[in-house]
Structure formats: C-alpha cells, structure tokens
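A short worksheet on the structure shown next.
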Amino acid sequence: MRLERREMTQNSAATPSVRVRFAPSPTGFFHIGSARTALFNWLYARHCGGTFILRIEDTDKERDTEEALRVLIDGMRWLGLDWDEGPAVGGDFGPYFQSQRGDIYREYLQKLHNTGRAYEKDGAVWFRVSGKPALIRDVIRGDVSRLEEKDFVIVRSDGSPVFHLVNVVDDIAMRITHVIRGEDHLSNSSKHVELFHAFGQTPPIFAHIPLILKTVGSGKMSKRDSGSLVEEYRRRHFLPEAVRNYLCLLGWSPKNDREILSPSEMTQLFELSGINHNNARFDEKKLAHMNGEYVRRLPFDDFCCRAMPVLQEAHFLDGDVAADYIHSVLRICQEKLRGLEDIGTFCAYFFSENFPRDEKSWEKISRGGEPLARASEFLRAARELDEFAAENLEALVQQLADAHGRKTGEYIHAVRYAVSGQSVGPGFYALLQVLGRERVCRRLEALVKST
Ligand code: GLU
C-alpha cells in the first residue's frame with residue numbers, strides 16, 4: 001500500500017495532491033450514514049494516493065464529550081479507516097479539533113472585516129453576500145448555480161463562530177481539495193462557496209452523497225432506526241470488513257457489479273463519478289447476509305481467533321475445555337454459521353448439557369415415525385462401534401437402516417435431536433465424531449429414559 005501511494009504521488013506531480021477530510025461533530029453515536037461518509041473520503045484518498053484528514057467539529061460544547069469522541073474514534077479504527085492527519089496522529093495543519101482553533105477563526109474573521117465582507121449588527125457578526133450566483137462544482141450532481149440572497153450570521157452574539165464560517169476556514173487552512181459529505185449539506189454549499197470567494201480562494205470540488213433511506217418507507221435513516229449505529233454491529237460481533245464492504249455499496253457500485261470486494265479492490269475501483277445519484281436504501285438483511293459470507297470465507301485460523309471471544313462471552317469456555325475440542329467444533333460449524341453472533345445458540349450443545357431444545361422439531365419427527373425406537377437401536381450399536389469416527393458412523397447408520405427396513409433419515413433426525421436438540425446443524429456424522437461417544441451415548445440414554 002505504501003509503495004502504491006508513493007508511485008501515485010509521483011505520477012500526479014503536476015496536480016496538487018488530493019486532500020479530503022471527514023469532519024464529524026461528536027454526538028455519542030457513530031451512525032451508519034457518517035461511517036459511509038468517512039469511508040468514501042477514505043476510499044477516495046487511498047485511491048488517489050492523497051491524504052485523509054479527520055477533523056473534529058466539536059463546537060457544540062454542551063454535547064461534545066470525551067466519551068462521544070471515543071465512540072467515533074473506536075468506530076473509525078474498528079472499520080479500518082485510518083487517517084493521515086488528525087487526533088492521535090497529528091499533522092502539519094492542526095489542531096484538528098475546532099474547539100482549539102479559536103485564534104485561527106479570529107484571524108480569518110479579521111480578513112472579512114478588512115475587506116468589508118463582515119459587519120456587526122445586533123451583537124452578531126454578519127457576512128455580506130456578493131449578490132452574484134455561486135457556482136457549486138459537484139461531481140455527483142453536476143455544476144449548480146445558486147444565488148445566496150441574504151446576508152447571514154457568522155459569529156453569534158455570544159461570540160461563538162457559526163458552522164459555515166469554521167467549516168470553510170478549516171477547509172481553506174487544511175488545503176482541502178474535495179469536500180465529500182452528505183447531501184443534507186447541499187443547501188449550505190452556496191453559503192460556503194460565497195465564503196471561499198470572499199477569502200480569495202477557489203472553492204474545493206464537492207461531492208454530495210445521496211441520503212441513506214430506512215429499510216421501509218421514504219424517510220431518511222436516523223439514529224433511532226434499528227441497525228443504524230456502527231457500535232451495534234461491533235457489539236454483535238459483525239466482521240468490520242463485512243460492514244465496510246456493505247457500506248461501500250451504499251450509493252456506489254463498481255462497474256463490474258461485484259459485491260464482495262477486498263480493501264485493495266475497493267480502493268482501486270472507487271471513483272467519485274461512480275457514486276449513484278439516487279438515494280441508497282439501507283438493508284439490514286443484506287448486511288447480515290454479507291457478514292455471513294465473510295465469516296464463512298475466513299481462513300480457518302483467522303476464524304478461530306475471531307470466534308474465541310464470542311465463545312468466551314457465551315461462557316462456553318468457563319470450564320476446562322481442550323483447545324483441540326474447540327477447534328474441531330469450530331471447524332465443522334464455520335461453514336454453517338450466519339454470523340459470529342450465532343455461535344451462542346448454534347454451538348451451545350457442544351459445551352453444555354443444558355442446551356436449548358427445539359420441541360417443535362421433535363413433534364415433527366415423532367409424527368413421521370418412531371424416533372425413540374430409532375434412537376435406542378442406534379445407541380445399542382454405537383456403544384459397540386470400534387472407532388467412533390464419521391465414516392464408521394455413516395456405515396453403521398446404513399447397516400441399521402438396512403437391517404430394520406428403515407430410511408437412514410429416520411436415524412439421523414432422531415439422533416441429531418437427541419444430541420443437539422435441533423433438526424439442523426453441522427454435517428451429522430462429523431457432529432457425532434466431534435461430540436464423541438461418551439456425550440452422544442449419554443444424551444441418547446437420557447432421551448430414551450426420559451420417555
Ligand atoms: N460537522 C459537519 C457534519 O457532521 C460536517 C459537514 C461537512 O462535512 O462539511 O455534518
């Protein structure tokens with residue numbers, strides 16, 4: 001990655017290198033919409049070999065707290081969105097917190113006073129508009145001309161500078177070349193372009209990203225909607241790379257219509273011009289589905305590392321559980337999991353005798369045959385089996401079926417239920433082998449005795 005970036009910078013020596021920023025106001029939540037804005041900025045910076053800046057717009061003193069900042073930074077790190085300048089990493093254009101940039105704002109404000117573009121009225125400072133339409137160059141919406149008709153406040157009567165002023169001053173001072181942000185800011189851009197001109201600057205190129213709609217209906221997704229916060233997915237053990245992959249497809253798609261993309265493919269293919277003009281619809285099911293794909297495709301060792309904390313959280317490893325056994329369980333479960341968060345229910349019977357039983361599936365099996373008789377036949381034969389291994393067990397079930405004139409399925413359903421309480425799960429014979437003769441026979445005995 002480092003090499004790639006250096007090459008790209010050299011190739012584009014004539015054009016000023018791309019500098020983009022993600023400029024969140026810490027609210028205590030890291031919303032999916034904000035995360036997507038951060039991701040698009042990050043992708044564009046990495047695509048161009050440019051610089052990705054994290055700037056904290058913490059001018060709302062009542063609301064901004066250390067904790068809110070933590071949520072944001074943890075979320076960014078979790079998603080793998082590393083920044084080149086900003087909190088914790090520094091940079092030549094800091095400070096990167098607006099709350100620490102008061103002197104810079106005062107200096108810029110003075111420039112506006114000097115040129116007659118700022119004036120005081122009713123205790124506030126106002127910006128004098130030019131009266132000419134402002135040209136907003138937007139890669140997604142095309143060029144738009146808008147007339148900002150009225151003067152607007154840039155410093156409130158309590159002395160605090162308004163968003164429009166600080167946002168533009170920082171974009172100038174930090175030499176931002178492209179402003180990639182939510183479409184909800186489109187209506188602010190004519191004010192911003194006016195301010196850039198008043199400071200004698202060429203405005204950056206804008207890319208206003210379409211909104212994210214909630215799963216159903218026409219409303220914009222808000223933090224109250226289910227599945228709208230990044231921290232929720234983290235808590236539910238989603239893979240960050242799956243969430244990132246899903247987010248990148250919310251409003252953008254590579255020309256080849258692929259869906260699962262590695263980070264390097266993503267950065268290589270990402271273009272601002274590829275961002276859709278239409279609003280994107282958030283689909284929690286699709287995200288969960290993609291997460292499942294990622295989980296099932298993980299290299300086994302990696303899968304184990306990620307599954308361990310989930311096993312621990314479910315208290316499956318509280319006793320003395322052998323590492324080999326854990327690995328065998330994970331090996332047969334990986335391909336069947338819909339996500340790591342399923343481990344708690346999907347794998348319970350491997351680690352505890354007190355596992356949930358799906359009574360409905362038992363009723364169904366009972367209606368279709370005599371599962372207790374099949375379980376007893378299997379139990380008797382299983383005790384005698386030489387080696388309790390998958391192939392032998394498979395041969396055994398076949399023999400039993402032939403000898404009693406039954407279908408193998410009748411044995412499989414009855415025994416699977418007895419040992420796992422479920423009608424679905426990992427491959428049946430592998431499951432028996434992993435559980436081992438002792439557990440399997442004990443559970444079969446319990447079932448046969450209980451009825
Ligand atoms: N602090 C603004 C927000 O969170 C940033 C807007 C911008 O990116 O210009 O929406």
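Every chain in the structure tokens has a letter given in the order shown (A, B, ...), and although residue numbers restart at 1 in each chain, ligands are simply numbered from 1 in the order shown.
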
How would you write, as a PyMOL selection string, the set of residues no farther than 6 Å from ligand 1 when counting only C-alpha atoms and all ligand atoms? chain A and resi 23-25+57+181

Within 9 Å of segment 298-309 of chain A using only C-alpha atoms, minus same-chain residues under 4 positions, as a VMD selection string: chain A and resid 237 239 293 to 294 313 to 314 317 326 to 327 330 to 331 334 340 343

Please, could you write that set of residues out with N, CA and C atoms as a PDB file, in the first residue's frame?
```
ATOM      1  N   HIS A 237     -20.637  -8.649  17.081  1.00  0.00           N
ATOM      2  CA  HIS A 237     -19.544  -9.435  16.502  1.00  0.00           C
ATOM      3  C   HIS A 237     -19.600  -9.530  14.983  1.00  0.00           C
ATOM      4  N   LEU A 239     -18.170  -8.795  11.350  1.00  0.00           N
ATOM      5  CA  LEU A 239     -16.796  -8.580  10.924  1.00  0.00           C
ATOM      6  C   LEU A 239     -16.707  -7.158  10.362  1.00  0.00           C
ATOM      7  N   GLU A 293     -21.357 -14.305   4.659  1.00  0.00           N
ATOM      8  CA  GLU A 293     -20.431 -14.677   3.583  1.00  0.00           C
ATOM      9  C   GLU A 293     -18.990 -14.528   4.052  1.00  0.00           C
ATOM     10  N   TYR A 294     -18.724 -13.369   4.662  1.00  0.00           N
ATOM     11  CA  TYR A 294     -17.370 -13.095   5.135  1.00  0.00           C
ATOM     12  C   TYR A 294     -16.932 -14.097   6.195  1.00  0.00           C
ATOM     13  N   GLU A 313     -17.592 -15.023  25.651  1.00  0.00           N
ATOM     14  CA  GLU A 313     -18.710 -14.188  26.070  1.00  0.00           C
ATOM     15  C   GLU A 313     -19.937 -15.046  26.400  1.00  0.00           C
ATOM     16  N   ALA A 314     -20.080 -16.160  25.682  1.00  0.00           N
ATOM     17  CA  ALA A 314     -21.224 -17.053  25.917  1.00  0.00           C
ATOM     18  C   ALA A 314     -20.966 -17.990  27.108  1.00  0.00           C
ATOM     19  N   LEU A 317     -16.454 -21.401  27.600  1.00  0.00           N
ATOM     20  CA  LEU A 317     -15.104 -21.849  27.934  1.00  0.00           C
ATOM     21  C   LEU A 317     -14.801 -21.671  29.416  1.00  0.00           C
ATOM     22  N   ILE A 326     -12.198 -27.445  20.946  1.00  0.00           N
ATOM     23  CA  ILE A 326     -12.739 -26.159  20.462  1.00  0.00           C
ATOM     24  C   ILE A 326     -12.506 -26.051  18.957  1.00  0.00           C
ATOM     25  N   HIS A 327     -11.313 -26.418  18.529  1.00  0.00           N
ATOM     26  CA  HIS A 327     -11.000 -26.326  17.103  1.00  0.00           C
ATOM     27  C   HIS A 327     -11.863 -27.242  16.255  1.00  0.00           C
ATOM     28  N   LEU A 330     -15.263 -25.678  15.983  1.00  0.00           N
ATOM     29  CA  LEU A 330     -15.284 -24.531  15.076  1.00  0.00           C
ATOM     30  C   LEU A 330     -15.131 -24.978  13.627  1.00  0.00           C
ATOM     31  N   ARG A 331     -14.332 -26.012  13.422  1.00  0.00           N
ATOM     32  CA  ARG A 331     -14.081 -26.488  12.067  1.00  0.00           C
ATOM     33  C   ARG A 331     -15.388 -26.947  11.392  1.00  0.00           C
ATOM     34  N   GLN A 334     -18.086 -23.599  11.073  1.00  0.00           N
ATOM     35  CA  GLN A 334     -17.817 -22.369  10.308  1.00  0.00           C
ATOM     36  C   GLN A 334     -18.696 -22.234   9.075  1.00  0.00           C
ATOM     37  N   LEU A 340     -20.945 -14.517  13.418  1.00  0.00           N
ATOM     38  CA  LEU A 340     -20.321 -14.936  14.680  1.00  0.00           C
ATOM     39  C   LEU A 340     -21.306 -14.848  15.833  1.00  0.00           C
ATOM     40  N   ILE A 343     -23.000 -17.991  17.178  1.00  0.00           N
ATOM     41  CA  ILE A 343     -22.252 -19.019  17.902  1.00  0.00           C
ATOM     42  C   ILE A 343     -22.913 -19.378  19.227  1.00  0.00           C
TER      43      ILE A 343
END
```

For a quick check of understanding, using only C-alpha atoms, which of A:Asp103, A:Phe350, A:Arg141, A:Ala45 has the smallest distance to Val321 of chain A?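 Of all the options, A:Phe350 lies closest to Val321 of chain A.
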
Using only C-alpha atoms, determine which residues lie at most 8 Å from segment 250-265 of chain A, disregarding the query and same-chain residues fewer than 2 positions distant; provide the list as a list in words.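 These residues fall inside the cut-off: Arg36, Ile209, Pro210, Ile212, Asn245, Tyr246, Leu247, Cys248, Thr267, Gln268, Leu269, Phe270, Gly274, Ile275, Asn276, His277, Asn278, Asn279, Ala280, Arg281, Phe282 and Met290 of chain A.
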
Counting only C-alpha atoms, what is within 12 Å of Thr345 of chain A, bar same-chain residues fewer than 4 positions away, as a list in words?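 What passes the distance filter is Val310, Leu311, Ala314, His315, Phe316, Cys333, Leu337, Arg338, Gly339, Leu340, Glu341, Tyr349, Phe350, Phe351, Ser352, Asn354, Phe355, Pro356, Arg357, Asp358, Ser420, Gly421, Gln422 and Gly425 of chain A.
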
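Straight-line separation from atom CA of Asp74 of chain A to atom CA of Ala242 of chain A: 16.8 Å.
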
Would you mind writing down, as a ChimeraX atom specification, each residue of segment 190-430 of chain A that DSSP on the backbone assigns to strand (DSSP E)? /A:205-209,212-213,280-281

Dump of C-alpha atoms for the selected residues, as a PDB file, in the first residue's frame:
```pdb
ATOM      1  CA  ILE A 205     -14.748  20.234  -5.658  1.00  0.00           C
ATOM      2  CA  PHE A 206     -17.861  18.989  -3.909  1.00  0.00           C
ATOM      3  CA  ALA A 207     -19.352  15.518  -3.852  1.00  0.00           C
ATOM      4  CA  HIS A 208     -22.676  15.493  -2.037  1.00  0.00           C
ATOM      5  CA  ILE A 209     -23.536  11.879  -1.364  1.00  0.00           C
ATOM      6  CA  ILE A 212     -29.500   6.655   3.116  1.00  0.00           C
ATOM      7  CA  LEU A 213     -33.168   5.748   3.402  1.00  0.00           C
ATOM      8  CA  ALA A 280     -29.477   4.412  -1.212  1.00  0.00           C
ATOM      9  CA  ARG A 281     -31.706   2.126   0.790  1.00  0.00           C
TER      10      ARG A 281
END
```

Quick one: distance from atom CA of Glu194 of chain A to atom CA of Arg21 of chain A in Å, one decimal? 20.2 Å

Quick one: DSSP alpha helix (DSSP H) residues in segment 83-285 of chain A, as JSON, numbers by chain? {"A": [102, 103, 104, 105, 106, 107, 108, 109, 110, 111, 112, 113, 114, 163, 164, 165, 166, 167, 168, 169, 170, 171, 172, 173, 189, 190, 191, 192, 193, 194, 195, 196, 197, 198, 230, 231, 232, 233, 234, 235, 240, 241, 242, 243, 244, 245, 246, 247, 248, 263, 264, 265, 266, 267, 268, 269, 284, 285]}
